[in-house]
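Source file: upload.tsv; contents: TSV, C-alpha atoms (C1' of nucleotides).
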chain	number	residue	atom	x	y	z
P	1	MET	CA	0.00	0.00	0.00
P	2	LEU	CA	1.41	3.34	-1.06
P	3	SER	CA	-0.39	6.67	-0.73
P	4	GLY	CA	-3.75	4.92	-0.56
P	5	ASN	CA	-3.04	2.65	-3.54
P	6	LEU	CA	-3.00	-1.10	-3.10
P	7	ILE	CA	-0.18	-2.31	-5.36
P	8	HIS	CA	1.20	-5.74	-6.13
P	9	ILE	CA	4.94	-5.45	-6.75
P	10	TRP	CA	7.45	-8.03	-7.88
P	11	GLN	CA	10.95	-8.17	-9.31
P	12	ASP	CA	11.68	-9.72	-12.71
P	13	GLY	CA	15.45	-9.85	-12.99
P	14	ASN	CA	16.53	-6.25	-12.73
P	15	VAL	CA	13.10	-4.95	-13.67
P	16	LEU	CA	10.52	-3.81	-11.13
P	17	LYS	CA	6.96	-4.69	-12.14
P	18	TYR	CA	3.67	-3.84	-10.53
P	19	LYS	CA	-0.07	-4.16	-10.81
P	20	THR	CA	-2.75	-1.84	-9.48
P	21	ASP	CA	-6.30	-0.82	-10.22
P	22	SER	CA	-5.52	2.78	-9.49
P	23	GLY	CA	-6.34	4.82	-12.56
P	24	SER	CA	-3.20	6.90	-12.37
P	25	ASN	CA	0.35	6.01	-13.35
P	26	LEU	CA	2.32	5.10	-10.26
P	27	ASN	CA	5.81	5.17	-11.81
P	28	VAL	CA	6.72	8.40	-10.06
P	29	LEU	CA	5.41	7.17	-6.71
P	30	LEU	CA	7.26	3.85	-6.92
P	31	SER	CA	10.42	5.48	-8.20
P	32	SER	CA	10.43	7.66	-5.11
P	33	TYR	CA	9.59	4.78	-2.75
P	34	PHE	CA	12.46	2.60	-3.98
P	35	ARG	CA	14.80	5.57	-4.47
P	36	LEU	CA	15.40	4.58	-8.09
P	37	CYS	CA	17.12	7.90	-8.75
P	38	ASP	CA	19.91	7.09	-6.31
P	39	PRO	CA	23.10	6.17	-8.25
P	40	ILE	CA	22.87	2.60	-6.99
P	41	ASP	CA	25.66	1.13	-9.13
P	42	LYS	CA	28.05	3.88	-8.10
P	43	ILE	CA	27.03	3.46	-4.47
P	44	TYR	CA	27.59	-0.29	-4.42
P	45	ASP	CA	30.87	0.03	-6.35
P	46	CYS	CA	32.06	2.56	-3.81
P	47	ILE	CA	31.05	0.32	-0.90
P	48	SER	CA	32.71	-2.71	-2.49
P	49	SER	CA	35.99	-0.84	-2.75
P	50	HIS	CA	36.07	-0.32	1.04
P	51	ASP	CA	36.94	-3.89	2.05
P	52	LYS	CA	36.51	-7.53	1.13
P	53	LYS	CA	33.70	-8.23	3.55
P	54	LEU	CA	31.56	-5.43	2.22
P	55	ALA	CA	32.37	-6.50	-1.34
P	56	LYS	CA	30.99	-9.92	-0.50
P	57	LEU	CA	27.80	-8.45	0.93
P	58	VAL	CA	27.38	-6.25	-2.14
P	59	GLU	CA	27.85	-9.23	-4.42
P	60	LYS	CA	25.20	-11.14	-2.54
P	61	TYR	CA	22.59	-8.42	-2.09
P	62	HIS	CA	23.10	-5.73	-4.73
P	63	SER	CA	20.21	-6.90	-6.88
P	64	GLY	CA	17.69	-6.93	-4.04
P	65	VAL	CA	18.56	-4.61	-1.18
P	66	ARG	CA	17.48	-1.00	-1.49
P	67	LEU	CA	16.95	1.88	0.89
P	68	LEU	CA	13.30	2.94	0.92
P	69	ARG	CA	11.65	6.33	1.12
P	70	GLN	CA	8.65	5.48	3.26
P	71	ASP	CA	5.75	7.62	4.40
P	72	PRO	CA	6.93	9.51	7.50
P	73	TRP	CA	3.75	9.08	9.53
P	74	GLU	CA	3.43	5.36	8.81
P	75	CYS	CA	7.14	4.92	9.46
P	76	THR	CA	6.87	6.71	12.81
P	77	VAL	CA	4.01	4.49	13.96
P	78	ALA	CA	5.78	1.36	12.76
P	79	TYR	CA	8.92	2.12	14.77
P	80	LEU	CA	6.92	3.26	17.80
P	81	CYS	CA	5.83	-0.36	18.10
P	82	SER	CA	9.23	-1.82	17.21
P	83	PRO	CA	11.05	-1.93	20.60
P	84	ASN	CA	11.95	-5.51	21.54
P	85	ALA	CA	9.87	-6.86	18.67
P	86	SER	CA	10.85	-8.93	15.66
P	87	VAL	CA	10.47	-7.65	12.12
P	88	ASP	CA	7.58	-10.07	11.65
P	89	LYS	CA	5.87	-8.76	14.77
P	90	ILE	CA	6.32	-5.16	13.62
P	91	ARG	CA	4.89	-6.03	10.21
P	92	LEU	CA	1.93	-7.67	11.93
P	93	ASN	CA	1.46	-4.57	14.10
P	94	VAL	CA	1.36	-2.34	11.03
P	95	GLU	CA	-1.20	-4.61	9.33
P	96	THR	CA	-3.27	-4.67	12.51
P	97	ILE	CA	-3.24	-0.89	12.88
P	98	ALA	CA	-4.17	-0.65	9.20
P	99	THR	CA	-7.56	-2.21	10.01
P	100	LEU	CA	-8.41	1.29	11.27
P	101	GLY	CA	-7.93	2.59	7.72
P	102	ARG	CA	-9.95	2.35	4.50
P	103	LYS	CA	-10.58	-1.04	2.94
P	104	LEU	CA	-8.78	-1.69	-0.37
P	105	GLU	CA	-9.08	-4.56	-2.81
P	106	LEU	CA	-6.94	-5.87	-5.65
P	107	CYS	CA	-7.32	-9.32	-7.23
P	108	ASP	CA	-9.12	-10.83	-4.24
P	109	ASP	CA	-6.47	-9.33	-1.97
P	110	VAL	CA	-8.33	-7.37	0.71
P	111	ARG	CA	-6.14	-4.92	2.60
P	112	HIS	CA	-6.35	-1.47	4.18
P	113	SER	CA	-4.79	1.92	3.68
P	114	PHE	CA	-2.67	3.02	6.62
P	115	PRO	CA	-4.83	5.31	8.78
P	116	THR	CA	-3.98	9.00	8.81
P	117	CYS	CA	-3.17	10.70	12.09
P	118	GLU	CA	-6.75	12.05	12.10
P	119	GLU	CA	-8.18	8.57	11.64
P	120	VAL	CA	-5.99	7.26	14.47
P	121	LEU	CA	-7.19	10.03	16.78
P	122	ASP	CA	-10.81	9.28	15.81
P	123	ALA	CA	-10.29	5.62	16.65
P	124	GLY	CA	-8.91	6.59	20.07
P	125	VAL	CA	-6.40	5.07	22.44
P	126	GLU	CA	-8.84	2.34	23.51
P	127	ALA	CA	-9.00	0.97	19.97
P	128	LEU	CA	-5.20	0.78	19.84
P	129	GLU	CA	-5.07	-0.90	23.25
P	130	GLU	CA	-7.06	-3.82	21.89
P	131	LEU	CA	-4.49	-4.54	19.16
P	132	SER	CA	-1.70	-6.16	21.27
P	133	LEU	CA	0.96	-3.89	19.86
P	134	GLY	CA	3.61	-4.82	22.42
P	135	PHE	CA	4.44	-2.67	25.44
P	136	SER	CA	1.48	-1.08	27.20
P	137	ARG	CA	2.90	2.40	26.65
P	138	THR	CA	2.80	2.03	22.85
P	139	PRO	CA	-0.85	3.03	22.21
P	140	GLY	CA	-0.38	6.21	24.25
P	141	ASN	CA	2.82	7.02	22.37
P	142	ILE	CA	1.05	6.59	19.03
P	143	ILE	CA	-1.82	8.85	20.10
P	144	ALA	CA	0.66	11.46	21.34
P	145	ALA	CA	2.52	11.32	18.03
P	146	ALA	CA	-0.75	11.62	16.11
P	147	LYS	CA	-1.58	14.77	18.06
P	148	ARG	CA	1.83	16.27	17.32
P	149	VAL	CA	1.41	15.62	13.60
P	150	CYS	CA	-2.22	16.75	13.39
P	151	CYS	CA	-1.58	20.05	15.16
P	152	GLY	CA	1.48	20.77	13.07
P	153	ASP	CA	3.89	20.56	15.98
P	154	LEU	CA	5.64	17.75	14.12
P	155	ASP	CA	5.97	18.81	10.47
P	156	PHE	CA	7.64	16.07	8.43
P	157	GLU	CA	7.68	18.20	5.29
P	158	GLU	CA	9.73	20.79	7.07
P	159	LEU	CA	12.00	18.25	8.74
P	160	THR	CA	13.15	16.94	5.35
P	161	ARG	CA	14.77	20.33	4.79
P	162	GLN	CA	16.69	20.32	8.04
P	163	PRO	CA	20.09	18.88	8.94
P	164	TYR	CA	20.30	15.42	10.49
P	165	ASN	CA	21.10	16.43	14.07
P	166	ASN	CA	18.18	18.83	14.12
P	167	VAL	CA	15.77	16.20	12.80
P	168	VAL	CA	16.71	13.64	15.45
P	169	TRP	CA	16.54	16.28	18.14
P	170	GLN	CA	13.00	17.28	17.18
P	171	LEU	CA	11.75	13.71	16.77
P	172	MET	CA	12.98	12.90	20.28
P	173	GLU	CA	11.64	16.16	21.68
P	174	LYS	CA	14.89	16.77	23.46
P	175	ARG	CA	14.68	20.12	25.15
P	176	SER	CA	17.89	20.03	27.08
P	177	ALA	CA	21.00	17.93	26.98
P	178	SER	CA	20.08	16.13	30.19
P	179	ARG	CA	16.30	15.77	30.08
P	180	LYS	CA	14.32	13.96	27.47
P	181	VAL	CA	10.61	13.85	27.17
P	182	ALA	CA	9.15	10.39	27.12
P	183	ASN	CA	7.45	10.08	23.76
P	184	GLY	CA	8.56	6.61	22.71
P	185	ILE	CA	11.15	7.95	20.28
P	186	GLY	CA	14.74	7.35	21.39
P	187	ASP	CA	17.96	7.57	19.41
P	188	LYS	CA	17.40	4.37	17.45
P	189	VAL	CA	13.77	4.98	16.46
P	190	ALA	CA	14.59	8.57	15.55
P	191	ASP	CA	17.40	7.36	13.30
P	192	CYS	CA	15.06	4.94	11.55
P	193	ILE	CA	12.46	7.61	10.86
P	194	ALA	CA	15.15	10.05	9.73
P	195	LEU	CA	16.74	7.57	7.32
P	196	PHE	CA	13.78	5.58	6.03
P	197	ALA	CA	11.33	8.47	5.63
P	198	LEU	CA	12.99	11.88	5.93
P	199	ASP	CA	15.93	11.65	3.51
P	200	GLU	CA	18.52	12.01	6.26
P	201	MET	CA	21.32	9.94	4.75
P	202	GLU	CA	23.59	10.74	7.68
P	203	ALA	CA	21.48	8.58	9.99
P	204	PHE	CA	22.94	5.19	10.97
P	205	PRO	CA	20.42	3.14	12.98
P	206	VAL	CA	22.14	0.72	15.37
P	207	ASP	CA	19.90	-2.15	16.38
P	208	ARG	CA	21.08	-5.39	17.96
P	209	HIS	CA	21.69	-6.98	14.58
P	210	ILE	CA	23.74	-4.07	13.24
P	211	GLY	CA	25.70	-3.86	16.49
P	212	ARG	CA	26.49	-7.55	16.39
P	213	ALA	CA	27.45	-7.43	12.71
P	214	LEU	CA	29.86	-4.54	13.26
P	215	ALA	CA	31.45	-6.05	16.38
P	216	ASP	CA	31.73	-9.31	14.50
P	217	MET	CA	33.31	-7.92	11.34
P	218	TYR	CA	35.51	-5.08	12.61
P	219	ASP	CA	38.01	-5.31	15.45
P	220	ASP	CA	38.36	-1.54	15.74
P	221	CYS	CA	34.63	-0.94	16.20
P	222	PRO	CA	33.53	0.24	19.68
P	223	PRO	CA	32.64	-3.00	21.51
P	224	LEU	CA	29.17	-4.00	22.58
P	225	PRO	CA	28.49	-4.14	26.34
P	226	GLU	CA	28.99	-7.69	27.58
P	227	ASN	CA	26.21	-8.16	30.07
P	228	SER	CA	23.63	-5.65	28.94
P	229	LYS	CA	20.21	-7.08	28.17
P	230	GLY	CA	20.17	-5.87	24.63
P	231	GLY	CA	20.20	-2.17	25.26
P	232	LEU	CA	22.84	0.38	24.35
P	233	THR	CA	23.30	3.55	26.34
P	234	TYR	CA	23.01	6.80	24.41
P	235	LYS	CA	26.78	7.13	24.55
P	236	GLN	CA	27.44	3.60	23.31
P	237	TYR	CA	24.93	4.12	20.52
P	238	ARG	CA	26.53	7.40	19.45
P	239	ASP	CA	30.05	5.95	19.58
P	240	ILE	CA	29.13	3.06	17.29
P	241	ALA	CA	27.14	5.20	14.83
P	242	ASP	CA	29.90	7.82	14.70
P	243	TRP	CA	32.50	5.11	14.11
P	244	ALA	CA	30.42	3.72	11.22
P	245	ARG	CA	29.89	7.14	9.63
P	246	LYS	CA	33.59	7.81	9.76
P	247	ARG	CA	34.56	4.35	8.55
P	248	PHE	CA	32.03	4.00	5.72
P	249	GLY	CA	31.72	7.61	4.66
P	250	GLU	CA	29.07	9.05	2.39
P	251	TYR	CA	27.17	5.81	1.83
P	252	ALA	CA	27.23	4.52	5.41
P	253	CYS	CA	23.44	4.32	5.38
P	254	TYR	CA	23.53	1.88	2.47
P	255	VAL	CA	26.18	-0.16	4.30
P	256	ASN	CA	23.71	-0.21	7.19
P	257	GLN	CA	21.10	-1.79	4.91
P	258	LEU	CA	23.56	-4.42	3.73
P	259	LEU	CA	24.59	-5.27	7.29
P	260	PHE	CA	20.98	-5.63	8.34
P	261	HIS	CA	20.33	-8.16	5.59
P	262	ARG	CA	23.50	-10.10	6.36
P	263	GLN	CA	22.79	-13.80	6.90
P	264	ARG	CA	19.09	-13.19	6.79
P	265	PRO	CA	16.52	-14.55	4.39
P	266	GLN	CA	15.63	-11.89	1.90
P	267	ARG	CA	12.14	-10.59	2.34
P	268	PRO	CA	9.97	-8.56	0.02
P	269	PRO	CA	10.22	-4.80	0.58
P	270	SER	CA	8.52	-3.78	3.79
P	271	GLY	CA	5.67	-1.34	3.88
P	272	CYS	CA	1.99	-2.04	3.81
C	1	DC	C1'	10.82	-24.08	30.05
C	2	DG	C1'	14.39	-21.15	27.86
C	3	DC	C1'	16.04	-17.30	24.72
C	4	DC	C1'	15.57	-13.65	21.31
C	5	DA	C1'	13.41	-9.89	18.90
C	6	DG	C1'	15.20	-3.17	13.95
C	7	DG	C1'	14.64	-0.31	22.49
C	8	DG	C1'	12.70	3.31	25.67
C	9	DT	C1'	11.96	4.96	30.31
C	10	DA	C1'	12.24	6.03	35.18
C	11	DG	C1'	15.30	6.48	38.58
C	12	DA	C1'	19.76	6.02	40.38
C	13	DC	C1'	24.48	7.91	40.58
G	1	DG	C1'	25.76	13.02	31.32
G	2	DT	C1'	25.75	7.95	31.94
G	3	DC	C1'	24.18	3.43	33.43
G	4	DT	C1'	20.41	-0.37	34.95
G	5	DA	C1'	16.25	-2.93	35.84
G	6	DC	C1'	12.11	-3.39	33.92
G	7	DC	C1'	8.75	-3.60	30.55
G	8	DA	C1'	4.75	-7.18	26.94
G	9	DT	C1'	4.38	-10.36	23.43
G	10	DG	C1'	5.13	-13.89	19.82
G	11	DG	C1'	8.18	-17.29	17.62
G	12	DC	C1'	11.04	-20.98	18.04
Could you render the structure from this file as structure tokens?
Amino acid sequence: MLSGNLIHIWQDGNVLKYKTDSGSNLNVLLSSYFRLCDPIDKIYDCISSHDKKLAKLVEKYHSGVRLLRQDPWECTVAYLCSPNASVDKIRLNVETIATLGRKLELCDDVRHSFPTCEEVLDAGVEALEELSLGFSRTPGNIIAAAKRVCCGDLDFEELTRQPYNNVVWQLMEKRSASRKVANGIGDKVADCIALFALDEMEAFPVDRHIGRALADMYDDCPPLPENSKGGLTYKQYRDIADWARKRFGEYACYVNQLLFHRQRPQRPPSGC
DNA sequence: CGCCAGGGTAGAC
DNA sequence: GTCTACCATGGC
């Protein structure tokens, strides 16, 4: 589902094909979603030239792995219910929340558009609480985010024109260096929204998989904590992300995508 | 039963 | 500013 259009998408060799009953031509929309204007060959060549391990990842995944330009609101909600959840669980959460949206049909495939922030507010926090989205704080965080977006306090359009640090700062609602407002968006979730929806190519999300991959592949990478239960402190997170930006340079965010897919069954592009 | 999953928060120092 | 215990749930 993209911008209210239910689309069936598949890959035929190096060609992207799709089917939809939407009257309009969706080439522009899909081109933006898959970032087809990015110089992908140049990017992967550049990454390959860094080291052997990356070259191997590029060889394996270059024909399938892309960075996406997702819808900022949908992306925000998706990552609000991502903490301590698997990709499959997050995908299920997004599909479940989508039942609050408009019904769509294509070739006997019945799905839903992702609900707008207004539709989420109309549904109310009680409706979200019945969806088993994970932690009990998640429905409240989603409602709070919906209010920020609806009232214009959180303006994604404007954020895409701002520098990376500023974007993360605003997403997290950090008002001082020491105090952060609890809105469900920490450093990692903010990075994901910034990179996957707001064109902030400087973002380098560090989840457990990325952290493990880096520690595994590079001896000079800041080490992961030994006995932590999965979590990185803000400092540890920043140290690793900064190391990666410095090490991988301009296309670090694409390296991030490759690392995430390392030793993982390839899945169809996420989204709804 | 155990462990793991695209982490964030309150509260402690 | 930095570090910890705790949080809900599904899959395996």
Show me, as JSON lines, the residues of chain C having an atom within 10 Å of chain P, each with the closest atom pair and its distance in Å, using all atoms listed in the file.
{"residue": "C:DC4", "atom": "C1'", "partner": "P:Ser86", "partner_atom": "CA", "distance": 8.7}
{"residue": "C:DA5", "atom": "C1'", "partner": "P:Ser86", "partner_atom": "CA", "distance": 4.2}
{"residue": "C:DG6", "atom": "C1'", "partner": "P:Asp207", "partner_atom": "CA", "distance": 5.4}
{"residue": "C:DG7", "atom": "C1'", "partner": "P:Pro83", "partner_atom": "CA", "distance": 4.4}
{"residue": "C:DG8", "atom": "C1'", "partner": "P:Gly184", "partner_atom": "CA", "distance": 6.1}
{"residue": "C:DT9", "atom": "C1'", "partner": "P:Ala182", "partner_atom": "CA", "distance": 6.9}
{"residue": "C:DA10", "atom": "C1'", "partner": "P:Ala182", "partner_atom": "CA", "distance": 9.7}
(message) I need the chain G residues near chain P as an NGL selection string; criterion: at most 8 Å, counting all atoms listed in the file.
(response) :G and (1-3 or 7-10)
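Here atom CA of Asn166 of chain P stands at a distance of 15.0 Å from atom CA of Ala197 of chain P.
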(request) Extract, using all atoms listed in the file, all DNA, RNA and protein residues at most 9 Å from Thr99 of chain P, discarding same-chain residues fewer than 3 positions from it, and format them as a ChimeraX atom specification. (result) /P:94-96,102-103,111-115
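Going from atom CA of Lys52 of chain P to atom CA of Leu67 of chain P covers 21.7 Å.
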(message) List the spatial neighbours of DG11 of chain C as a list in words - criterion: any atom at most 12 Å away, all atoms listed in the file, same-chain residues fewer than 3 positions off excluded.
(response)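 Counting all atoms listed in the file, the residues come to DC3, DT4, DA5 and DC6 of chain G.
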(request) Using atom CA of Asp199 of chain P and atom CA of Asp155 of chain P as the two end points, give the distance in Å to one decimal. (result)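 Taking atom CA of Asp199 of chain P and atom CA of Asp155 of chain P, their separation equals 14.1 Å.
Of the listed residues (P:Lys42, P:His50, P:His261, P:Lys19), P:His50 comes nearest to Arg247 of chain P; the distances count all atoms listed in the file.
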Give me the residues within 10 Å of Gln11 of chain P as a PDB file with C-alpha atoms, in the frame of the given file, counting only C-alpha atoms (C1' of nucleotides) and dropping any in the same chain fewer than 5 places off.
ATOM      1  CA  LEU P  16      10.520  -3.810 -11.130  1.00  0.00           C
ATOM      2  CA  LYS P  17       6.960  -4.690 -12.140  1.00  0.00           C
ATOM      3  CA  TYR P  18       3.670  -3.840 -10.530  1.00  0.00           C
ATOM      4  CA  SER P  63      20.210  -6.900  -6.880  1.00  0.00           C
ATOM      5  CA  GLY P  64      17.690  -6.930  -4.040  1.00  0.00           C
ATOM      6  CA  PRO P 268       9.970  -8.560   0.020  1.00  0.00           C
TER       7      PRO P 268
END
(message) Using all atoms listed in the file, which protein or nucleic acid residues come within 12 Å of Asn165 of chain P? Drop anything in the same chain fewer than 3 positions from it, and give the result as a ChimeraX atom specification.
(response) /P:159-162,168-172,174,187,190-191,194-195,200-204,238
With a distance cut-off of 8 Å and only C-alpha atoms (C1' of nucleotides), select the neighbouring residues of Leu2 of chain P, excluding the residue or stretch itself and same-chain residues fewer than 3 positions from it, and output the selection as an mmCIF file with C-alpha atoms, keeping the file's coordinate frame.
data_model
loop_
_atom_site.group_PDB
_atom_site.id
_atom_site.type_symbol
_atom_site.label_atom_id
_atom_site.label_comp_id
_atom_site.auth_asym_id
_atom_site.auth_seq_id
_atom_site.Cartn_x
_atom_site.Cartn_y
_atom_site.Cartn_z
ATOM 1 C CA ASN P 5 -3.040 2.650 -3.540
ATOM 2 C CA LEU P 6 -3.000 -1.100 -3.100
ATOM 3 C CA ILE P 7 -0.180 -2.310 -5.360
ATOM 4 C CA LEU P 29 5.410 7.170 -6.710
ATOM 5 C CA SER P 113 -4.790 1.920 3.680
ATOM 6 C CA CYS P 272 1.990 -2.040 3.810
#
